[in-house]
file protein_32.cif (mmCIF, C-alpha atoms)
data_data
loop_
_atom_site.label_atom_id
_atom_site.label_comp_id
_atom_site.auth_asym_id
_atom_site.auth_seq_id
_atom_site.Cartn_x
_atom_site.Cartn_y
_atom_site.Cartn_z
CA MET H 16 3.98 9.34 1.03
CA TYR H 17 5.51 6.39 -0.80
CA SER H 18 7.78 7.09 -3.77
CA VAL H 19 8.11 4.63 -6.67
CA ALA H 20 9.91 5.35 -9.94
CA GLY H 21 9.39 9.09 -9.73
CA VAL H 22 5.75 8.85 -8.65
CA GLU H 23 4.53 9.88 -5.21
CA LEU H 24 1.91 7.41 -3.98
CA LYS H 25 -0.19 7.68 -0.83
CA ASN H 26 0.64 4.02 -0.15
CA PRO H 27 2.01 1.07 -2.20
CA THR H 28 -1.35 -0.07 -3.61
CA VAL H 29 -2.56 1.12 -7.02
CA LEU H 30 -5.68 0.45 -9.08
CA ALA H 31 -4.70 -1.57 -12.16
CA ALA H 32 -5.59 -0.36 -15.65
CA GLY H 33 -8.94 -1.36 -17.11
CA VAL H 34 -10.88 -1.60 -13.84
CA LEU H 35 -13.01 1.39 -12.74
CA GLY H 36 -10.60 3.64 -14.62
CA THR H 37 -12.94 4.90 -17.32
CA THR H 38 -14.35 7.96 -15.54
CA GLY H 39 -13.02 10.49 -13.09
CA ALA H 40 -15.87 9.69 -10.69
CA SER H 41 -15.05 5.98 -10.55
CA MET H 42 -11.35 6.65 -10.00
CA LEU H 43 -12.10 9.09 -7.20
CA ARG H 44 -14.26 6.41 -5.59
CA VAL H 45 -11.29 4.03 -5.65
CA ILE H 46 -9.05 6.68 -4.08
CA GLU H 47 -11.63 7.28 -1.35
CA ASN H 48 -11.45 3.56 -0.60
CA GLY H 49 -7.75 3.61 0.10
CA ALA H 50 -5.81 3.29 -3.16
CA GLY H 51 -2.46 5.03 -3.16
CA GLY H 52 -2.84 5.72 -6.86
CA VAL H 53 -4.95 4.83 -9.88
CA VAL H 54 -4.15 3.76 -13.42
CA THR H 55 -6.68 4.90 -15.98
CA LYS H 56 -8.34 2.84 -18.67
CA SER H 57 -6.01 2.52 -21.64
CA VAL H 58 -6.72 5.15 -24.27
CA GLY H 59 -5.36 5.28 -27.79
CA PRO H 60 -5.16 7.31 -30.97
CA SER H 61 -8.77 6.82 -32.11
CA PRO H 62 -12.10 5.69 -30.63
CA VAL H 63 -12.48 1.93 -30.24
CA PHE H 64 -15.83 0.24 -29.63
CA GLY H 65 -14.26 -2.99 -28.40
CA HIS H 66 -15.15 -6.62 -28.97
CA ALA H 67 -18.68 -7.96 -29.10
CA ASN H 68 -20.29 -9.27 -25.92
CA PRO H 69 -19.88 -11.41 -23.97
CA SER H 70 -16.61 -9.64 -23.26
CA MET H 71 -16.06 -10.65 -19.62
CA VAL H 72 -17.01 -13.91 -17.89
CA ALA H 73 -16.50 -14.99 -14.27
CA LEU H 74 -14.72 -18.31 -13.76
CA GLU H 75 -14.13 -20.50 -10.72
CA CYS H 76 -11.06 -18.54 -9.67
CA GLY H 77 -11.02 -15.29 -11.56
CA TYR H 78 -12.17 -13.90 -14.89
CA ILE H 79 -11.58 -14.20 -18.60
CA ASN H 80 -12.12 -11.10 -20.69
CA ALA H 81 -11.69 -9.77 -24.19
CA MET H 82 -12.73 -6.15 -23.99
CA GLY H 83 -10.71 -5.09 -27.04
CA LEU H 84 -9.40 -1.84 -25.54
CA PRO H 85 -12.68 0.11 -25.81
CA ASN H 86 -12.05 3.83 -25.31
CA PRO H 87 -13.25 7.24 -26.52
CA SER H 88 -9.73 8.18 -27.78
CA TYR H 89 -7.13 10.40 -26.17
CA LEU H 90 -8.87 13.55 -27.43
CA GLU H 91 -11.84 12.91 -25.15
CA PHE H 92 -10.16 11.39 -22.11
CA GLY H 93 -8.12 14.28 -20.75
CA ALA H 94 -11.17 15.66 -18.97
CA GLU H 95 -11.41 12.49 -16.84
CA ILE H 96 -7.80 12.83 -15.70
CA LYS H 97 -8.48 16.44 -14.81
CA LYS H 98 -11.52 15.42 -12.73
CA VAL H 99 -9.41 13.08 -10.64
CA LYS H 100 -6.61 15.59 -10.16
CA ASN H 101 -9.04 18.34 -9.16
CA GLY H 102 -11.51 16.18 -7.23
CA GLN H 103 -9.28 14.86 -4.47
CA LYS H 104 -9.51 16.13 -0.95
CA ILE H 105 -6.70 18.42 0.14
CA GLY H 106 -3.74 16.37 1.32
CA GLU H 107 -4.74 13.11 -0.36
CA ASN H 108 -2.45 13.34 -3.40
CA SER H 109 -3.12 9.88 -4.78
CA ALA H 110 -1.26 9.57 -8.07
CA VAL H 111 -2.97 9.32 -11.45
CA ILE H 112 -1.12 7.18 -13.98
CA SER H 113 -2.40 7.49 -17.53
CA SER H 114 -2.44 4.19 -19.45
CA ILE H 115 -1.97 4.68 -23.18
CA PHE H 116 -1.63 2.50 -26.27
CA GLY H 117 -0.90 2.78 -29.97
CA GLY H 118 0.10 0.70 -32.93
CA ASN H 119 3.56 2.25 -33.27
CA ALA H 120 5.91 4.76 -31.67
CA LYS H 121 4.38 7.74 -33.47
CA GLU H 122 0.88 6.95 -32.18
CA PHE H 123 2.14 6.49 -28.62
CA VAL H 124 3.89 9.84 -28.75
CA THR H 125 0.83 11.62 -30.16
CA VAL H 126 -1.36 10.31 -27.35
CA ALA H 127 1.23 11.02 -24.65
CA LYS H 128 1.98 14.59 -25.71
CA HIS H 129 -1.71 15.48 -25.69
CA LEU H 130 -2.54 13.85 -22.36
CA GLU H 131 0.50 15.33 -20.61
CA LYS H 132 -1.32 18.67 -20.75
CA PHE H 133 -3.75 17.30 -18.14
CA LYS H 134 -0.90 16.63 -15.70
CA PRO H 135 -1.00 12.89 -15.01
CA ASP H 136 1.75 11.80 -12.62
CA ALA H 137 3.10 9.19 -15.06
CA PHE H 138 2.31 7.25 -18.20
CA GLU H 139 1.88 3.49 -18.31
CA LEU H 140 2.53 2.15 -21.80
CA ASN H 141 0.17 -0.72 -22.58
CA LEU H 142 2.43 -3.08 -24.48
CA SER H 143 0.73 -6.16 -23.13
CA CYS H 144 -3.00 -6.49 -23.87
CA PRO H 145 -3.43 -10.03 -25.31
CA HIS H 146 -6.67 -9.54 -27.24
CA ALA H 147 -6.41 -6.34 -29.31
CA GLU H 148 -5.14 -6.95 -32.82
CA GLY H 149 -2.24 -4.70 -33.74
CA TYR H 150 -1.85 -3.33 -30.22
CA GLY H 151 -0.60 -4.42 -26.81
CA ALA H 152 1.16 -7.79 -26.80
CA ALA H 153 1.16 -7.84 -30.60
CA ILE H 154 3.99 -5.31 -30.45
CA GLY H 155 5.01 -5.78 -26.82
CA SER H 156 6.40 -9.24 -27.57
CA ASN H 157 9.13 -7.72 -29.72
CA PRO H 158 12.06 -6.32 -27.68
CA CYS H 159 13.10 -3.95 -30.46
CA GLN H 160 9.65 -2.40 -30.69
CA VAL H 161 9.36 -2.16 -26.89
CA GLU H 162 12.65 -0.27 -26.71
CA GLU H 163 11.75 1.97 -29.66
CA ILE H 164 8.32 2.91 -28.31
CA THR H 165 9.58 3.45 -24.77
CA LYS H 166 12.39 5.71 -25.96
CA ALA H 167 10.10 7.67 -28.27
CA VAL H 168 7.68 8.48 -25.45
CA LYS H 169 10.40 9.09 -22.86
CA ASP H 170 12.13 11.57 -25.17
CA GLU H 171 8.94 13.60 -25.63
CA VAL H 172 7.43 13.83 -22.13
CA ASN H 173 8.59 15.22 -18.81
CA ILE H 174 6.94 12.73 -16.47
CA PRO H 175 7.87 9.15 -15.53
CA VAL H 176 7.15 6.36 -18.01
CA TRP H 177 6.16 2.89 -16.82
CA VAL H 178 5.93 -0.01 -19.27
CA LYS H 179 3.38 -2.79 -18.71
CA LEU H 180 4.70 -6.13 -19.88
CA THR H 181 3.03 -9.20 -21.30
CA PRO H 182 3.67 -12.62 -19.72
CA ASN H 183 2.86 -14.28 -23.05
CA VAL H 184 6.51 -14.45 -24.09
CA SER H 185 9.32 -16.96 -23.64
CA ASP H 186 11.55 -14.55 -21.68
CA ILE H 187 9.93 -11.60 -19.89
CA GLY H 188 13.34 -10.52 -18.64
CA LYS H 189 14.42 -9.75 -22.20
CA ILE H 190 11.34 -7.56 -22.70
CA GLY H 191 11.99 -5.84 -19.38
CA LYS H 192 15.58 -5.08 -20.37
CA ALA H 193 14.34 -3.62 -23.66
CA ALA H 194 12.01 -1.28 -21.77
CA GLU H 195 14.86 -0.30 -19.44
CA SER H 196 17.15 0.35 -22.41
CA GLY H 197 14.47 2.61 -23.85
CA GLY H 198 14.52 4.71 -20.69
CA ALA H 199 11.55 3.30 -18.75
CA ASP H 200 11.37 4.44 -15.13
CA ALA H 201 9.64 1.18 -14.12
CA VAL H 202 8.15 -1.97 -15.56
CA VAL H 203 4.73 -3.32 -14.60
CA ALA H 204 4.22 -7.08 -14.57
CA ILE H 205 1.95 -8.62 -15.62
CA ASN H 206 -1.04 -8.22 -17.90
CA THR H 207 -3.49 -11.08 -18.40
CA ILE H 208 -2.65 -14.59 -19.61
CA LYS H 209 -4.00 -15.79 -22.96
CA GLY H 210 -6.87 -18.20 -22.51
CA MET H 211 -10.12 -19.61 -23.86
CA VAL H 212 -13.27 -21.14 -22.40
CA ILE H 213 -15.72 -23.24 -24.46
CA ASP H 214 -19.35 -23.92 -23.61
CA ILE H 215 -19.70 -27.71 -23.93
CA LYS H 216 -23.43 -27.54 -24.62
CA SER H 217 -23.17 -25.32 -27.69
CA GLY H 218 -19.57 -26.01 -28.59
CA TRP H 219 -18.94 -22.27 -28.94
CA PRO H 220 -16.26 -20.23 -27.11
CA VAL H 221 -17.97 -18.19 -24.40
CA LEU H 222 -16.34 -14.88 -25.35
CA GLY H 223 -17.48 -12.82 -28.31
CA ASN H 224 -13.83 -12.61 -29.36
CA ARG H 225 -13.42 -16.38 -28.82
CA SER H 226 -10.21 -16.00 -26.80
CA GLY H 227 -9.20 -13.51 -24.15
CA GLY H 228 -7.07 -12.87 -21.10
CA LEU H 229 -7.20 -14.63 -17.74
CA SER H 230 -7.05 -12.56 -14.56
CA GLY H 231 -7.63 -13.14 -10.87
CA PRO H 232 -6.14 -15.49 -8.23
CA MET H 233 -5.36 -18.21 -10.77
CA ILE H 234 -2.57 -16.16 -12.36
CA LYS H 235 -0.87 -14.96 -9.17
CA PRO H 236 1.90 -17.61 -9.14
CA ILE H 237 2.76 -16.69 -12.73
CA ALA H 238 2.85 -12.99 -11.84
CA VAL H 239 5.05 -13.65 -8.80
CA LYS H 240 7.54 -15.58 -10.94
CA CYS H 241 7.63 -12.81 -13.55
CA VAL H 242 8.25 -10.16 -10.88
CA TYR H 243 10.94 -12.34 -9.31
CA ASP H 244 12.71 -12.80 -12.65
CA LEU H 245 12.47 -9.12 -13.56
CA PHE H 246 13.88 -8.07 -10.18
CA GLU H 247 17.00 -10.06 -11.00
CA THR H 248 17.19 -8.75 -14.57
CA VAL H 249 16.49 -5.01 -14.48
CA SER H 250 17.76 -2.23 -12.25
CA ILE H 251 14.58 -0.14 -12.40
CA PRO H 252 11.59 -0.72 -10.06
CA VAL H 253 9.12 -3.49 -10.81
CA ILE H 254 5.41 -2.95 -10.12
CA GLY H 255 3.65 -6.24 -9.40
CA VAL H 256 0.15 -7.03 -10.64
CA GLY H 257 -1.84 -10.20 -11.21
CA GLY H 258 -4.14 -12.04 -8.85
CA ILE H 259 -3.65 -9.87 -5.78
CA SER H 260 -6.77 -10.01 -3.62
CA ASN H 261 -5.49 -9.70 -0.02
CA ALA H 262 -2.54 -8.51 2.04
CA GLU H 263 -0.79 -11.89 1.89
CA ASP H 264 -0.80 -11.76 -1.91
CA ALA H 265 0.61 -8.23 -1.89
CA ILE H 266 3.35 -9.13 0.60
CA GLU H 267 4.32 -12.16 -1.46
CA MET H 268 4.64 -9.94 -4.54
CA ILE H 269 6.76 -7.42 -2.63
CA LEU H 270 9.05 -10.16 -1.30
CA ALA H 271 9.50 -11.29 -4.91
CA GLY H 272 10.68 -7.80 -5.82
CA ALA H 273 7.69 -5.53 -6.38
CA ALA H 274 8.18 -1.94 -5.29
CA ALA H 275 4.40 -1.46 -5.37
CA VAL H 276 1.38 -3.55 -6.29
CA GLN H 277 -1.59 -3.01 -8.56
CA ILE H 278 -4.98 -4.53 -7.82
CA GLY H 279 -7.54 -5.24 -10.52
CA SER H 280 -9.99 -8.15 -10.49
CA ALA H 281 -10.36 -8.13 -6.69
CA VAL H 282 -12.08 -4.74 -6.95
CA TYR H 283 -15.10 -6.50 -8.46
CA ASP H 284 -15.59 -8.35 -5.16
CA GLU H 285 -14.94 -5.45 -2.79
CA ILE H 286 -13.74 -1.93 -3.50
CA SER H 287 -12.44 -1.74 0.09
CA VAL H 288 -9.68 -4.21 -0.84
CA PHE H 289 -7.11 -1.39 -0.89
CA GLU H 290 -7.74 -0.45 2.73
CA LYS H 291 -7.60 -4.10 3.79
CA VAL H 292 -4.38 -4.77 1.92
CA ASN H 293 -2.68 -1.70 3.35
CA ARG H 294 -3.71 -2.59 6.90
CA GLY H 295 -2.39 -6.10 6.38
CA ILE H 296 0.94 -4.85 5.06
CA GLU H 297 1.32 -2.54 8.06
CA ASP H 298 0.52 -5.38 10.46
CA TYR H 299 3.08 -7.62 8.76
CA LEU H 300 5.79 -4.97 9.00
CA ASN H 301 5.08 -4.32 12.68
CA GLU H 302 4.90 -8.00 13.60
CA ASN H 303 8.22 -8.75 11.90
CA GLY H 304 10.17 -5.72 13.08
CA TYR H 305 10.34 -3.81 9.82
CA SER H 306 9.93 -0.05 9.70
CA SER H 307 9.06 0.35 6.02
CA VAL H 308 7.94 -1.50 2.90
CA GLU H 309 11.30 -0.77 1.30
CA GLU H 310 12.98 -3.15 3.75
CA ILE H 311 11.13 -6.17 2.37
CA ILE H 312 11.25 -5.44 -1.37
CA GLY H 313 12.96 -8.42 -2.97
CA LEU H 314 13.73 -10.00 0.39
CA SER H 315 13.23 -13.50 -1.00
CA HIS H 316 16.27 -12.99 -3.25
CA LYS H 317 18.50 -12.61 -0.20
CA LEU H 318 17.47 -15.95 1.23
CA LYS H 319 19.03 -18.15 -1.45
#
call {"tool": "encode", "arguments": {"input": "protein_32.cif", "output": "structure tokens"}}
result
Amino acid sequence: MYSVAGVELKNPTVLAAGVLGTTGASMLRVIENGAGGVVTKSVGPSPVFGHANPSMVALECGYINAMGLPNPSYLEFGAEIKKVKNGQKIGENSAVISSIFGGNAKEFVTVAKHLEKFKPDAFELNLSCPHAEGYGAAIGSNPCQVEEITKAVKDEVNIPVWVKLTPNVSDIGKIGKAAESGGADAVVAINTIKGMVIDIKSGWPVLGNRSGGLSGPMIKPIAVKCVYDLFETVSIPVIGVGGISNAEDAIEMILAGAAAVQIGSAVYDEISVFEKVNRGIEDYLNENGYSSVEEIIGLSHKLK
């Protein structure tokens, strides 16, 4: 087992929030394909239909999406967490991290206290979605609100709390420190990058919401820099996410300071990406004389 910020993972790869995390069946499928843990779809205080289609468009090197945090609300989602917890084969023990959102500390706490009954292994606070008005990055760009919300949830639950950060700020280190001050057990970096694509024939933005968030290989260098900066700023673990599609990407993120990595967009190309990434990490460790992933976390910082 691989321990990160109070969560026992089967290995250092985790399904990122928003991808195949809507149903227990889809999350179990990801676990069967090698993920050490899964993060659920973000769920909030009330049902959300989401933005009008098109809500996700493939680009040359990734995706742009504006889903709008569609979810059935926290009152309906507990059953899906329970399916994953009860549906794993004996001895697998892949962690289930429940991603939650709200418009203020009270809403976050309400959602967290209810979902804790279904025994997720941790909460991931979505303070970073760039295309949901009043949620995500709208409040996650404010250090005071990040600290307040993190502390409110941490004070009310008995499981680890991870905070997912937005890169759409001038200083992600300041936001990370706010989460740490609020009691976060780890920070997750990063969510998608604000972006827009316009169809030159019609002149209209291609997304129903006009703008959205970029994901995929194109944002990996930004994610690596954010993880690198956070590793030097906070004393809690950093979980790296953004553009990881192979073992080399994951290793680069770990060298920058990631204690574990989350994989999202790459799942659309091949769900077996977790198995491939884990094999590649093991090969890298063996070839370079390392006995564990822990030995290479943040290694690039020691080579200054």
call {"tool": "closest_atom_pairs", "arguments": {"input": "protein_32.cif", "of": "segment 197-273 of chain H", "to": "segment 126-148 of chain H", "cutoff": "10 Å", "atoms": "only C-alpha atoms", "output": "CSV"}}
result
residue,atom,partner,partner_atom,distance
H:Ala199,CA,H:Leu140,CA,9.6
H:Asp200,CA,H:Ala137,CA,9.5
H:Ala201,CA,H:Glu139,CA,9.1
H:Val202,CA,H:Glu139,CA,8.8
H:Val203,CA,H:Glu139,CA,8.3
H:Ala204,CA,H:Ser143,CA,9.3
H:Ile205,CA,H:Ser143,CA,8.0
H:Asn206,CA,H:Ser143,CA,5.9
H:Thr207,CA,H:Pro145,CA,7.0
H:Ile208,CA,H:Pro145,CA,7.3
H:Lys209,CA,H:Pro145,CA,6.2
H:Gly210,CA,H:Pro145,CA,9.3
H:Asn224,CA,H:His146,CA,8.1
H:Arg225,CA,H:His146,CA,9.7
H:Ser226,CA,H:His146,CA,7.4
H:Gly227,CA,H:His146,CA,5.6
H:Gly228,CA,H:Pro145,CA,6.2
H:Leu229,CA,H:Pro145,CA,9.6
call {"tool": "atom_distance", "arguments": {"input": "protein_32.cif", "atom1": "atom CA of Met71 of chain H", "atom2": "atom CA of Val282 of chain H"}}
result
14.5 Å
call {"tool": "closest_atom_pairs", "arguments": {"input": "protein_32.cif", "of": "segment 229-285 of chain H", "to": "segment 42-66 of chain H", "cutoff": "10 Å", "atoms": "only C-alpha atoms", "output": "Markdown table"}}
result
| residue | atom | partner | partner_atom | distance |
| --- | --- | --- | --- | --- |
| H:Ala275 | CA | H:Gly51 | CA | 9.7 |
| H:Val276 | CA | H:Gly51 | CA | 9.9 |
| H:Gln277 | CA | H:Val53 | CA | 8.6 |
| H:Ile278 | CA | H:Ala50 | CA | 9.1 |
| H:Val282 | CA | H:Val45 | CA | 8.9 |
| H:Glu285 | CA | H:Asn48 | CA | 9.9 |
call {"tool": "resolve_selection", "arguments": {"input": "protein_32.cif", "expression": "the PyMOL selection byres ((chain H and resi 34) around 8)", "output": "PyMOL selection string"}}
result
chain H and resi 30-33+35-37+56+279-280+282
call {"tool": "write_last_selection", "arguments": {"input": "protein_32.cif", "atoms": "C-alpha atoms", "output": "PDB file, in the coordinates of the input"}}
result
ATOM      1  CA  LEU H  30      -5.680   0.450  -9.080  1.00  0.00           C
ATOM      2  CA  ALA H  31      -4.700  -1.570 -12.160  1.00  0.00           C
ATOM      3  CA  ALA H  32      -5.590  -0.360 -15.650  1.00  0.00           C
ATOM      4  CA  GLY H  33      -8.940  -1.360 -17.110  1.00  0.00           C
ATOM      5  CA  LEU H  35     -13.010   1.390 -12.740  1.00  0.00           C
ATOM      6  CA  GLY H  36     -10.600   3.640 -14.620  1.00  0.00           C
ATOM      7  CA  THR H  37     -12.940   4.900 -17.320  1.00  0.00           C
ATOM      8  CA  LYS H  56      -8.340   2.840 -18.670  1.00  0.00           C
ATOM      9  CA  GLY H 279      -7.540  -5.240 -10.520  1.00  0.00           C
ATOM     10  CA  SER H 280      -9.990  -8.150 -10.490  1.00  0.00           C
ATOM     11  CA  VAL H 282     -12.080  -4.740  -6.950  1.00  0.00           C
TER      12      VAL H 282
END
call {"tool": "residues_around", "arguments": {"input": "protein_32.cif", "residues": "segment 230-242 of chain H", "least_positions_apart": "3", "cutoff": "10 Å", "atoms": "only C-alpha atoms", "output": "count of residues only"}}
result
51
call {"tool": "atom_distance", "arguments": {"input": "protein_32.cif", "atom1": "atom CA of Met211 of chain H", "atom2": "atom CA of Gly83 of chain H"}}
result
14.9 Å
call {"tool": "closest_residue", "arguments": {"input": "protein_32.cif", "among": "H:Ala20, H:Val124, H:Pro69, H:Gln160", "to": "Val172 of chain H", "atoms": "only C-alpha atoms"}}
result
H:Val124
call {"tool": "atom_distance", "arguments": {"input": "protein_32.cif", "atom1": "atom CA of Lys179 of chain H", "atom2": "atom CA of Val288 of chain H"}}
result
22.2 Å
call {"tool": "residues_around", "arguments": {"input": "protein_32.cif", "residues": "Glu162 of chain H", "least_positions_apart": "3", "cutoff": "6 Å", "atoms": "only C-alpha atoms", "output": "VMD selection string"}}
result
chain H and resid 159 165 193 to 194 197
call {"tool": "closest_residue", "arguments": {"input": "protein_32.cif", "among": "H:Tyr150, H:Lys121, H:Ala94, H:Lys189", "to": "Ala167 of chain H", "atoms": "all atoms listed in the file"}}
result
H:Lys121
call {"tool": "closest_residue", "arguments": {"input": "protein_32.cif", "among": "H:Val22, H:Asn157, H:Glu297, H:Gly39", "to": "Lys98 of chain H", "atoms": "only C-alpha atoms"}}
result
H:Gly39
call {"tool": "closest_residue", "arguments": {"input": "protein_32.cif", "among": "H:Leu300, H:Ile286, H:Leu84, H:Ile215", "to": "Gly149 of chain H", "atoms": "all atoms listed in the file"}}
result
H:Leu84
call {"tool": "decode", "arguments": {"input": "protein_32.cif", "residues": "segment 138-161 of chain H", "atoms": "N, CA and C atoms", "output": "PDB file, in the first residue's frame"}}
result
ATOM      1  N   PHE H 138     -12.052  13.613   1.723  1.00  0.00           N
ATOM      2  CA  PHE H 138     -12.791  14.588   0.915  1.00  0.00           C
ATOM      3  C   PHE H 138     -11.794  15.399   0.104  1.00  0.00           C
ATOM      4  N   GLU H 139     -12.192  15.724  -1.131  1.00  0.00           N
ATOM      5  CA  GLU H 139     -11.438  16.683  -1.931  1.00  0.00           C
ATOM      6  C   GLU H 139     -12.343  17.885  -2.144  1.00  0.00           C
ATOM      7  N   LEU H 140     -11.940  19.028  -1.628  1.00  0.00           N
ATOM      8  CA  LEU H 140     -12.754  20.236  -1.745  1.00  0.00           C
ATOM      9  C   LEU H 140     -12.488  20.893  -3.094  1.00  0.00           C
ATOM     10  N   ASN H 141     -13.538  20.974  -3.915  1.00  0.00           N
ATOM     11  CA  ASN H 141     -13.400  21.596  -5.227  1.00  0.00           C
ATOM     12  C   ASN H 141     -13.499  23.109  -5.061  1.00  0.00           C
ATOM     13  N   LEU H 142     -12.331  23.724  -4.972  1.00  0.00           N
ATOM     14  CA  LEU H 142     -12.243  25.180  -4.888  1.00  0.00           C
ATOM     15  C   LEU H 142     -11.539  25.716  -6.125  1.00  0.00           C
ATOM     16  N   SER H 143     -11.809  25.072  -7.266  1.00  0.00           N
ATOM     17  CA  SER H 143     -10.987  25.354  -8.434  1.00  0.00           C
ATOM     18  C   SER H 143     -11.677  25.278  -9.784  1.00  0.00           C
ATOM     19  N   CYS H 144     -12.904  24.803  -9.865  1.00  0.00           N
ATOM     20  CA  CYS H 144     -13.579  24.708 -11.167  1.00  0.00           C
ATOM     21  C   CYS H 144     -13.687  26.102 -11.790  1.00  0.00           C
ATOM     22  N   PRO H 145     -13.230  26.298 -13.046  1.00  0.00           N
ATOM     23  CA  PRO H 145     -13.198  27.645 -13.621  1.00  0.00           C
ATOM     24  C   PRO H 145     -14.463  28.090 -14.346  1.00  0.00           C
ATOM     25  N   HIS H 146     -15.488  27.227 -14.401  1.00  0.00           N
ATOM     26  CA  HIS H 146     -16.642  27.575 -15.231  1.00  0.00           C
ATOM     27  C   HIS H 146     -17.980  27.320 -14.548  1.00  0.00           C
ATOM     28  N   ALA H 147     -18.034  27.468 -13.223  1.00  0.00           N
ATOM     29  CA  ALA H 147     -19.292  27.321 -12.489  1.00  0.00           C
ATOM     30  C   ALA H 147     -19.481  28.565 -11.635  1.00  0.00           C
ATOM     31  N   GLU H 148     -20.395  29.407 -12.023  1.00  0.00           N
ATOM     32  CA  GLU H 148     -20.580  30.693 -11.363  1.00  0.00           C
ATOM     33  C   GLU H 148     -20.946  30.519  -9.888  1.00  0.00           C
ATOM     34  N   GLY H 149     -20.178  31.179  -9.035  1.00  0.00           N
ATOM     35  CA  GLY H 149     -20.447  31.128  -7.605  1.00  0.00           C
ATOM     36  C   GLY H 149     -19.806  29.965  -6.886  1.00  0.00           C
ATOM     37  N   TYR H 150     -19.148  29.089  -7.627  1.00  0.00           N
ATOM     38  CA  TYR H 150     -18.501  27.918  -7.039  1.00  0.00           C
ATOM     39  C   TYR H 150     -17.047  27.834  -7.514  1.00  0.00           C
ATOM     40  N   GLY H 151     -16.330  26.819  -7.019  1.00  0.00           N
ATOM     41  CA  GLY H 151     -15.001  26.532  -7.521  1.00  0.00           C
ATOM     42  C   GLY H 151     -14.052  27.705  -7.413  1.00  0.00           C
ATOM     43  N   ALA H 152     -13.441  28.062  -8.556  1.00  0.00           N
ATOM     44  CA  ALA H 152     -12.434  29.125  -8.568  1.00  0.00           C
ATOM     45  C   ALA H 152     -12.994  30.476  -8.171  1.00  0.00           C
ATOM     46  N   ALA H 153     -14.308  30.643  -8.284  1.00  0.00           N
ATOM     47  CA  ALA H 153     -14.921  31.919  -7.903  1.00  0.00           C
ATOM     48  C   ALA H 153     -14.670  32.230  -6.425  1.00  0.00           C
ATOM     49  N   ILE H 154     -14.581  31.176  -5.613  1.00  0.00           N
ATOM     50  CA  ILE H 154     -14.250  31.383  -4.204  1.00  0.00           C
ATOM     51  C   ILE H 154     -12.841  30.880  -3.883  1.00  0.00           C
ATOM     52  N   GLY H 155     -12.344  29.966  -4.710  1.00  0.00           N
ATOM     53  CA  GLY H 155     -11.023  29.396  -4.466  1.00  0.00           C
ATOM     54  C   GLY H 155      -9.873  30.305  -4.832  1.00  0.00           C
ATOM     55  N   SER H 156     -10.171  31.472  -5.394  1.00  0.00           N
ATOM     56  CA  SER H 156      -9.135  32.460  -5.702  1.00  0.00           C
ATOM     57  C   SER H 156      -8.877  33.394  -4.530  1.00  0.00           C
ATOM     58  N   ASN H 157      -9.700  33.279  -3.501  1.00  0.00           N
ATOM     59  CA  ASN H 157      -9.602  34.145  -2.333  1.00  0.00           C
ATOM     60  C   ASN H 157      -8.986  33.369  -1.165  1.00  0.00           C
ATOM     61  N   PRO H 158      -7.759  33.697  -0.749  1.00  0.00           N
ATOM     62  CA  PRO H 158      -7.116  32.931   0.325  1.00  0.00           C
ATOM     63  C   PRO H 158      -7.934  32.865   1.608  1.00  0.00           C
ATOM     64  N   CYS H 159      -8.597  33.946   1.947  1.00  0.00           N
ATOM     65  CA  CYS H 159      -9.387  33.960   3.186  1.00  0.00           C
ATOM     66  C   CYS H 159     -10.539  32.961   3.126  1.00  0.00           C
ATOM     67  N   GLN H 160     -11.211  32.907   1.979  1.00  0.00           N
ATOM     68  CA  GLN H 160     -12.311  31.960   1.828  1.00  0.00           C
ATOM     69  C   GLN H 160     -11.805  30.524   1.787  1.00  0.00           C
ATOM     70  N   VAL H 161     -10.663  30.303   1.142  1.00  0.00           N
ATOM     71  CA  VAL H 161     -10.080  28.957   1.097  1.00  0.00           C
ATOM     72  C   VAL H 161      -9.773  28.475   2.507  1.00  0.00           C
TER      73      VAL H 161
END
